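Source file: coords16.csv (CSV, N, CA and C atoms)
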chain,number,residue,atom,x,y,z
A,1043,MET,N,73.8,-39.8,-55.7
A,1043,MET,CA,72.7,-38.9,-55.8
A,1043,MET,C,73.3,-37.4,-55.6
A,1044,GLY,N,73.2,-36.6,-56.7
A,1044,GLY,CA,73.7,-35.2,-56.6
A,1044,GLY,C,72.6,-34.3,-55.9
A,1045,LYS,N,73.1,-33.1,-55.6
A,1045,LYS,CA,72.3,-32.1,-54.9
A,1045,LYS,C,71.1,-31.7,-55.8
A,1046,ASN,N,71.3,-31.6,-57.1
A,1046,ASN,CA,70.3,-31.2,-58.1
A,1046,ASN,C,69.2,-32.3,-58.1
A,1047,ASN,N,69.5,-33.5,-58.1
A,1047,ASN,CA,68.5,-34.6,-58.1
A,1047,ASN,C,67.7,-34.6,-56.8
A,1048,GLN,N,68.3,-34.3,-55.7
A,1048,GLN,CA,67.6,-34.2,-54.4
A,1048,GLN,C,66.6,-33.1,-54.4
A,1049,ASN,N,67.0,-31.9,-55.0
A,1049,ASN,CA,66.1,-30.8,-55.1
A,1049,ASN,C,64.9,-31.1,-56.0
A,1050,SER,N,65.2,-31.8,-57.1
A,1050,SER,CA,64.1,-32.2,-58.0
A,1050,SER,C,63.1,-33.1,-57.4
A,1051,ASN,N,63.6,-34.0,-56.5
A,1051,ASN,CA,62.7,-34.9,-55.8
A,1051,ASN,C,61.8,-34.1,-54.8
A,1052,TRP,N,62.4,-33.1,-54.1
A,1052,TRP,CA,61.6,-32.3,-53.2
A,1052,TRP,C,60.6,-31.5,-54.0
A,1053,VAL,N,61.0,-31.0,-55.2
A,1053,VAL,CA,60.0,-30.2,-56.1
A,1053,VAL,C,58.9,-31.1,-56.5
A,1054,GLU,N,59.2,-32.3,-56.9
A,1054,GLU,CA,58.1,-33.3,-57.3
A,1054,GLU,C,57.2,-33.6,-56.1
A,1055,ALA,N,57.7,-33.8,-54.9
A,1055,ALA,CA,56.9,-34.1,-53.8
A,1055,ALA,C,56.0,-32.9,-53.4
A,1056,LYS,N,56.6,-31.7,-53.5
A,1056,LYS,CA,55.9,-30.4,-53.3
A,1056,LYS,C,54.7,-30.3,-54.2
A,1057,LYS,N,54.9,-30.6,-55.5
A,1057,LYS,CA,53.9,-30.5,-56.5
A,1057,LYS,C,52.8,-31.5,-56.3
A,1058,ARG,N,53.2,-32.8,-56.2
A,1058,ARG,CA,52.2,-33.9,-56.1
A,1058,ARG,C,51.5,-33.9,-54.8
A,1059,CYS,N,52.1,-33.5,-53.7
A,1059,CYS,CA,51.4,-33.6,-52.4
A,1059,CYS,C,50.8,-32.2,-52.1
A,1060,ARG,N,50.9,-31.2,-52.9
A,1060,ARG,CA,50.3,-29.9,-52.7
A,1060,ARG,C,50.8,-29.3,-51.4
A,1061,LEU,N,52.1,-29.2,-51.3
A,1061,LEU,CA,52.7,-28.7,-50.1
A,1061,LEU,C,53.2,-27.3,-50.3
A,1062,ASN,N,53.3,-26.5,-49.3
A,1062,ASN,CA,54.0,-25.2,-49.4
A,1062,ASN,C,55.4,-25.3,-48.8
A,1063,GLN,N,56.1,-24.2,-48.8
A,1063,GLN,CA,57.5,-24.3,-48.2
A,1063,GLN,C,57.5,-24.6,-46.8
A,1064,ALA,N,56.6,-24.1,-46.0
A,1064,ALA,CA,56.6,-24.4,-44.5
A,1064,ALA,C,56.3,-25.9,-44.3
A,1065,ASP,N,55.5,-26.6,-45.1
A,1065,ASP,CA,55.2,-28.0,-45.0
A,1065,ASP,C,56.5,-28.8,-45.4
A,1066,ILE,N,57.2,-28.4,-46.4
A,1066,ILE,CA,58.5,-29.0,-46.8
A,1066,ILE,C,59.5,-28.9,-45.6
A,1067,GLN,N,59.6,-27.7,-45.0
A,1067,GLN,CA,60.5,-27.5,-43.9
A,1067,GLN,C,60.1,-28.4,-42.7
A,1068,MET,N,58.8,-28.5,-42.4
A,1068,MET,CA,58.4,-29.4,-41.3
A,1068,MET,C,58.8,-30.8,-41.6
A,1069,ALA,N,58.6,-31.3,-42.9
A,1069,ALA,CA,58.9,-32.7,-43.2
A,1069,ALA,C,60.4,-32.9,-43.1
A,1070,LYS,N,61.2,-32.0,-43.5
A,1070,LYS,CA,62.6,-32.1,-43.4
A,1070,LYS,C,63.1,-32.2,-41.9
A,1071,GLU,N,62.4,-31.4,-41.1
A,1071,GLU,CA,62.8,-31.4,-39.6
A,1071,GLU,C,62.3,-32.7,-39.0
A,1072,LEU,N,61.3,-33.3,-39.5
A,1072,LEU,CA,60.8,-34.6,-39.0
A,1072,LEU,C,61.7,-35.8,-39.5
A,1073,GLY,N,62.6,-35.4,-40.5
A,1073,GLY,CA,63.5,-36.4,-41.0
A,1073,GLY,C,62.9,-37.2,-42.2
A,1074,MET,N,61.9,-36.7,-42.8
A,1074,MET,CA,61.3,-37.4,-43.9
A,1074,MET,C,62.0,-37.2,-45.2
A,1075,LYS,N,61.9,-38.1,-46.1
A,1075,LYS,CA,62.5,-38.0,-47.5
A,1075,LYS,C,61.3,-37.8,-48.4
A,1076,PRO,N,61.6,-37.2,-49.6
A,1076,PRO,CA,60.5,-37.0,-50.6
A,1076,PRO,C,59.8,-38.3,-51.0
A,1077,LYS,N,60.6,-39.4,-51.0
A,1077,LYS,CA,60.0,-40.6,-51.4
A,1077,LYS,C,58.9,-41.1,-50.4
A,1078,SER,N,59.2,-40.8,-49.1
A,1078,SER,CA,58.2,-41.2,-48.1
A,1078,SER,C,56.9,-40.4,-48.2
A,1079,LEU,N,57.0,-39.1,-48.6
A,1079,LEU,CA,55.9,-38.3,-48.8
A,1079,LEU,C,55.0,-38.8,-50.0
A,1080,LEU,N,55.7,-39.2,-51.1
A,1080,LEU,CA,55.0,-39.6,-52.3
A,1080,LEU,C,54.4,-41.0,-52.0
A,1081,LYS,N,55.0,-41.8,-51.2
A,1081,LYS,CA,54.4,-43.1,-50.9
A,1081,LYS,C,53.1,-43.0,-50.1
A,1082,ASN,N,53.0,-41.9,-49.3
A,1082,ASN,CA,51.8,-41.7,-48.4
A,1082,ASN,C,50.7,-40.9,-49.0
A,1083,ILE,N,50.7,-40.7,-50.3
A,1083,ILE,CA,49.6,-40.0,-51.0
A,1083,ILE,C,48.4,-41.0,-50.9
A,1084,PRO,N,47.3,-40.6,-50.4
A,1084,PRO,CA,46.2,-41.5,-50.3
A,1084,PRO,C,45.5,-41.7,-51.7
A,1085,SER,N,45.2,-42.9,-51.9
A,1085,SER,CA,44.5,-43.3,-53.2
A,1085,SER,C,43.0,-43.0,-53.0
A,1086,PRO,N,42.2,-43.0,-54.0
A,1086,PRO,CA,40.7,-42.7,-53.8
A,1086,PRO,C,40.0,-43.8,-52.9
A,1087,THR,N,40.6,-45.0,-52.9
A,1087,THR,CA,40.0,-46.0,-52.0
A,1087,THR,C,40.4,-45.9,-50.6
A,1088,GLN,N,41.3,-45.0,-50.3
A,1088,GLN,CA,41.8,-44.8,-48.9
A,1088,GLN,C,41.3,-43.5,-48.3
A,1089,GLN,N,40.0,-43.4,-48.2
A,1089,GLN,CA,39.3,-42.2,-47.7
A,1089,GLN,C,39.6,-42.0,-46.2
A,1090,TRP,N,40.0,-43.0,-45.5
A,1090,TRP,CA,40.3,-42.8,-44.1
A,1090,TRP,C,41.7,-42.1,-43.9
A,1091,LYS,N,42.5,-42.1,-44.9
A,1091,LYS,CA,43.8,-41.6,-44.8
A,1091,LYS,C,43.8,-40.1,-45.0
A,1092,ALA,N,44.5,-39.3,-44.2
A,1092,ALA,CA,44.6,-37.9,-44.3
A,1092,ALA,C,45.5,-37.5,-45.4
A,1093,PRO,N,45.3,-36.3,-46.1
A,1093,PRO,CA,46.2,-35.9,-47.1
A,1093,PRO,C,47.6,-35.7,-46.5
A,1094,VAL,N,48.6,-35.7,-47.3
A,1094,VAL,CA,50.0,-35.6,-46.8
A,1094,VAL,C,50.2,-34.3,-46.1
A,1095,LYS,N,49.7,-33.2,-46.5
A,1095,LYS,CA,49.8,-31.9,-45.9
A,1095,LYS,C,49.3,-32.0,-44.4
A,1096,VAL,N,48.2,-32.5,-44.2
A,1096,VAL,CA,47.6,-32.7,-42.9
A,1096,VAL,C,48.4,-33.6,-42.0
A,1097,TRP,N,48.8,-34.7,-42.6
A,1097,TRP,CA,49.6,-35.7,-42.0
A,1097,TRP,C,50.9,-35.1,-41.4
A,1098,ILE,N,51.6,-34.3,-42.2
A,1098,ILE,CA,52.8,-33.7,-41.8
A,1098,ILE,C,52.6,-32.8,-40.6
A,1099,ARG,N,51.6,-32.0,-40.8
A,1099,ARG,CA,51.3,-31.0,-39.7
A,1099,ARG,C,50.9,-31.7,-38.4
A,1100,ASP,N,50.1,-32.8,-38.5
A,1100,ASP,CA,49.8,-33.5,-37.3
A,1100,ASP,C,51.0,-34.1,-36.6
A,1101,LEU,N,51.9,-34.7,-37.4
A,1101,LEU,CA,53.1,-35.3,-36.8
A,1101,LEU,C,54.0,-34.2,-36.2
A,1102,TYR,N,54.1,-33.1,-36.9
A,1102,TYR,CA,55.0,-32.0,-36.4
A,1102,TYR,C,54.4,-31.4,-35.1
A,1103,GLU,N,53.1,-31.2,-35.1
A,1103,GLU,CA,52.5,-30.7,-33.9
A,1103,GLU,C,52.7,-31.7,-32.7
A,1104,LYS,N,52.5,-33.0,-33.0
A,1104,LYS,CA,52.6,-34.0,-31.9
A,1104,LYS,C,54.1,-34.0,-31.4
A,1105,LYS,N,55.1,-33.8,-32.3
A,1105,LYS,CA,56.5,-33.9,-31.8
A,1105,LYS,C,57.0,-32.6,-31.2
A,1106,PHE,N,56.6,-31.5,-31.8
A,1106,PHE,CA,57.2,-30.2,-31.3
A,1106,PHE,C,56.2,-29.3,-30.6
A,1107,GLY,N,54.9,-29.7,-30.6
A,1107,GLY,CA,53.9,-28.9,-29.9
A,1107,GLY,C,53.4,-27.7,-30.5
A,1108,ARG,N,53.8,-27.4,-31.7
A,1108,ARG,CA,53.3,-26.3,-32.5
A,1108,ARG,C,53.5,-26.6,-34.0
A,1109,VAL,N,52.9,-25.7,-34.8
A,1109,VAL,CA,52.9,-25.8,-36.2
A,1109,VAL,C,53.7,-24.6,-36.8
A,1110,ARG,N,54.6,-24.9,-37.7
A,1110,ARG,CA,55.4,-23.8,-38.3
A,1110,ARG,C,54.6,-23.1,-39.3
A,1111,LEU,N,54.6,-21.8,-39.3
A,1111,LEU,CA,53.9,-21.0,-40.3
A,1111,LEU,C,54.9,-20.3,-41.2
A,1112,LEU,N,54.5,-19.9,-42.4
A,1112,LEU,CA,55.3,-19.1,-43.3
A,1112,LEU,C,55.5,-17.7,-42.7
A,1113,GLU,N,56.7,-17.2,-42.7
A,1113,GLU,CA,56.9,-15.8,-42.3
A,1113,GLU,C,56.4,-14.8,-43.3
A,1114,LYS,N,56.5,-15.2,-44.6
A,1114,LYS,CA,56.0,-14.3,-45.6
A,1114,LYS,C,54.5,-14.0,-45.5
A,1115,THR,N,53.7,-15.0,-45.2
A,1115,THR,CA,52.3,-14.8,-45.2
A,1115,THR,C,51.9,-13.8,-44.1
A,1116,LYS,N,52.6,-13.9,-42.9
A,1116,LYS,CA,52.4,-12.9,-41.9
A,1116,LYS,C,52.7,-11.5,-42.3
A,1117,ALA,N,53.8,-11.3,-43.0
A,1117,ALA,CA,54.2,-10.0,-43.5
A,1117,ALA,C,53.2,-9.5,-44.5
A,1118,ILE,N,52.7,-10.4,-45.4
A,1118,ILE,CA,51.8,-10.0,-46.5
A,1118,ILE,C,50.5,-9.6,-45.8
A,1119,LYS,N,50.0,-10.4,-44.8
A,1119,LYS,CA,48.7,-10.0,-44.2
A,1119,LYS,C,48.8,-8.7,-43.5
A,1120,GLU,N,49.9,-8.4,-42.8
A,1120,GLU,CA,50.1,-7.2,-42.1
A,1120,GLU,C,50.1,-6.0,-43.1
A,1121,SER,N,50.8,-6.2,-44.2
A,1121,SER,CA,50.9,-5.1,-45.2
A,1121,SER,C,49.6,-4.8,-45.9
A,1122,SER,N,48.8,-5.9,-46.2
A,1122,SER,CA,47.6,-5.8,-46.9
A,1122,SER,C,46.5,-5.1,-46.0
A,1123,SER,N,46.5,-5.5,-44.7
A,1123,SER,CA,45.6,-4.8,-43.7
A,1123,SER,C,45.9,-3.4,-43.5
A,1124,LYS,N,47.2,-3.0,-43.6
A,1124,LYS,CA,47.6,-1.6,-43.4
A,1124,LYS,C,47.2,-0.8,-44.7
A,1125,GLU,N,47.3,-1.4,-45.8
A,1125,GLU,CA,46.9,-0.8,-47.1
A,1125,GLU,C,45.3,-0.6,-47.0
A,1126,LYS,N,44.6,-1.6,-46.5
A,1126,LYS,CA,43.2,-1.4,-46.5
A,1126,LYS,C,42.8,-0.3,-45.6
A,1127,ARG,N,43.4,-0.2,-44.4
A,1127,ARG,CA,43.1,0.9,-43.5
A,1127,ARG,C,43.4,2.2,-44.1
A,1128,GLU,N,44.5,2.3,-44.9
A,1128,GLU,CA,44.8,3.6,-45.5
A,1128,GLU,C,43.8,4.0,-46.6
A,1129,SER,N,43.3,3.0,-47.3
A,1129,SER,CA,42.4,3.3,-48.4
A,1129,SER,C,41.0,3.7,-48.0
A,1130,TYR,N,40.6,3.4,-46.8
A,1130,TYR,CA,39.2,3.8,-46.4
A,1130,TYR,C,39.3,5.3,-46.0
A,1131,PRO,N,38.2,6.0,-46.3
A,1131,PRO,CA,38.2,7.4,-45.8
A,1131,PRO,C,38.0,7.5,-44.3
A,1132,GLU,N,38.5,8.6,-43.8
A,1132,GLU,CA,38.4,8.8,-42.3
A,1132,GLU,C,36.9,8.9,-41.9
A,1133,LYS,N,36.7,8.4,-40.7
A,1133,LYS,CA,35.3,8.5,-40.2
A,1133,LYS,C,35.0,9.9,-39.7
A,1134,ARG,N,33.8,10.4,-39.9
A,1134,ARG,CA,33.4,11.6,-39.3
A,1134,ARG,C,32.0,11.5,-38.9
A,1135,GLU,N,31.7,12.3,-37.9
A,1135,GLU,CA,30.3,12.3,-37.4
A,1135,GLU,C,29.4,13.0,-38.3
A,1136,ILE,N,28.2,12.5,-38.4
A,1136,ILE,CA,27.1,13.1,-39.3
A,1136,ILE,C,26.1,13.7,-38.3
A,1137,SER,N,25.8,14.9,-38.6
A,1137,SER,CA,24.8,15.6,-37.7
A,1137,SER,C,23.4,15.2,-38.2
A,1138,ASP,N,22.4,15.5,-37.4
A,1138,ASP,CA,21.0,15.2,-37.7
A,1138,ASP,C,20.5,15.9,-39.0
A,1139,GLU,N,21.1,17.1,-39.2
A,1139,GLU,CA,20.7,17.9,-40.3
A,1139,GLU,C,21.2,17.3,-41.6
A,1140,GLU,N,22.3,16.6,-41.6
A,1140,GLU,CA,22.8,16.0,-42.8
A,1140,GLU,C,22.1,14.7,-43.2
A,1141,LEU,N,21.3,14.1,-42.4
A,1141,LEU,CA,20.7,12.8,-42.7
A,1141,LEU,C,19.5,13.1,-43.6
A,1142,PRO,N,19.3,12.2,-44.6
A,1142,PRO,CA,18.3,12.4,-45.6
A,1142,PRO,C,16.9,12.2,-45.1
A,1143,PHE,N,16.7,11.6,-44.0
A,1143,PHE,CA,15.3,11.3,-43.5
A,1143,PHE,C,15.0,12.0,-42.3
What does this structure look like when you write it as structure tokens?
Amino acid sequence: MGKNNQNSNWVEAKKRCRLNQADIQMAKELGMKPKSLLKNIPSPTQQWKAPVKVWIRDLYEKKFGRVRLLEKTKAIKESSSKEKRESYPEKREISDEELPF
């Protein structure tokens, strides 16, 4: 099995299980293979079974006590909130004379 084939297996698991890069990293740290992820996709008759994404996060949290987050999303959220703050006009006090009523 070459490295290219292994990557294509992870790409397929990421697509079919609707995982992001942090979920893939957690699965790798738990020692999972892409085949095990694909085998654990719940069928419509298995409503008791959690989606693979939730299952990985639960196992990771149980083993390591925390859930891994994407570093990019934190940076994006910080930059977007900074842009929002800059786009709003500055607050100023309105006197009673300026009020329309």
Q | Pairwise distance for atom N of Val1053 (chain A) and CA of Phe1106 (chain A), rounded to one decimal in Å | A | 24.2 Å
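Residue nearest Lys1081 (chain A) within the list A:Glu1103, A:Arg1110, A:Cys1059, A:Trp1052: A:Cys1059 [criterion: smallest interatomic distance, only C-alpha atoms].
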Residue contacts of Arg1108 (chain A) (8 Å, all atoms listed in the file) excluding same-chain residues fewer than 6 positions away, as a PDB file with N, CA and C atoms, keeping the file's coordinate frame:
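Printed below is out.pdb as written:
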ATOM      1  N   ARG A1099      51.600 -32.000 -40.800  1.00  0.00           N
ATOM      2  CA  ARG A1099      51.300 -31.000 -39.700  1.00  0.00           C
ATOM      3  C   ARG A1099      50.900 -31.700 -38.400  1.00  0.00           C
ATOM      4  N   LEU A1101      51.900 -34.700 -37.400  1.00  0.00           N
ATOM      5  CA  LEU A1101      53.100 -35.300 -36.800  1.00  0.00           C
ATOM      6  C   LEU A1101      54.000 -34.200 -36.200  1.00  0.00           C
ATOM      7  N   TYR A1102      54.100 -33.100 -36.900  1.00  0.00           N
ATOM      8  CA  TYR A1102      55.000 -32.000 -36.400  1.00  0.00           C
ATOM      9  C   TYR A1102      54.400 -31.400 -35.100  1.00  0.00           C
TER      10      TYR A1102
END
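CA of Asn1082 (chain A) lies 14.0 Å from CA of Lys1057 (chain A).
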**Q.** Nearest-residue call for Ala1055 (chain A), choices A:Pro1086, A:Gly1073, A:Pro1093, A:Leu1080, using all atoms listed in the file
**A.** A:Leu1080
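Of the residues under consideration (A:Lys1056, A:Val1109, A:Met1074, A:Leu1079), A:Leu1079 shows the shortest atom-to-atom contact distance to Val1094 (chain A) when counting all atoms listed in the file.
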Q. Using only C-alpha atoms, which of A:Asn1051, A:Gln1063, A:Asn1046, A:Gln1088 sits nearest Lys1075 (chain A)?
A. A:Asn1051
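Note that the spacing between atom C of Lys1095 (chain A) and CA of Asp1065 (chain A) amounts to 7.2 Å.
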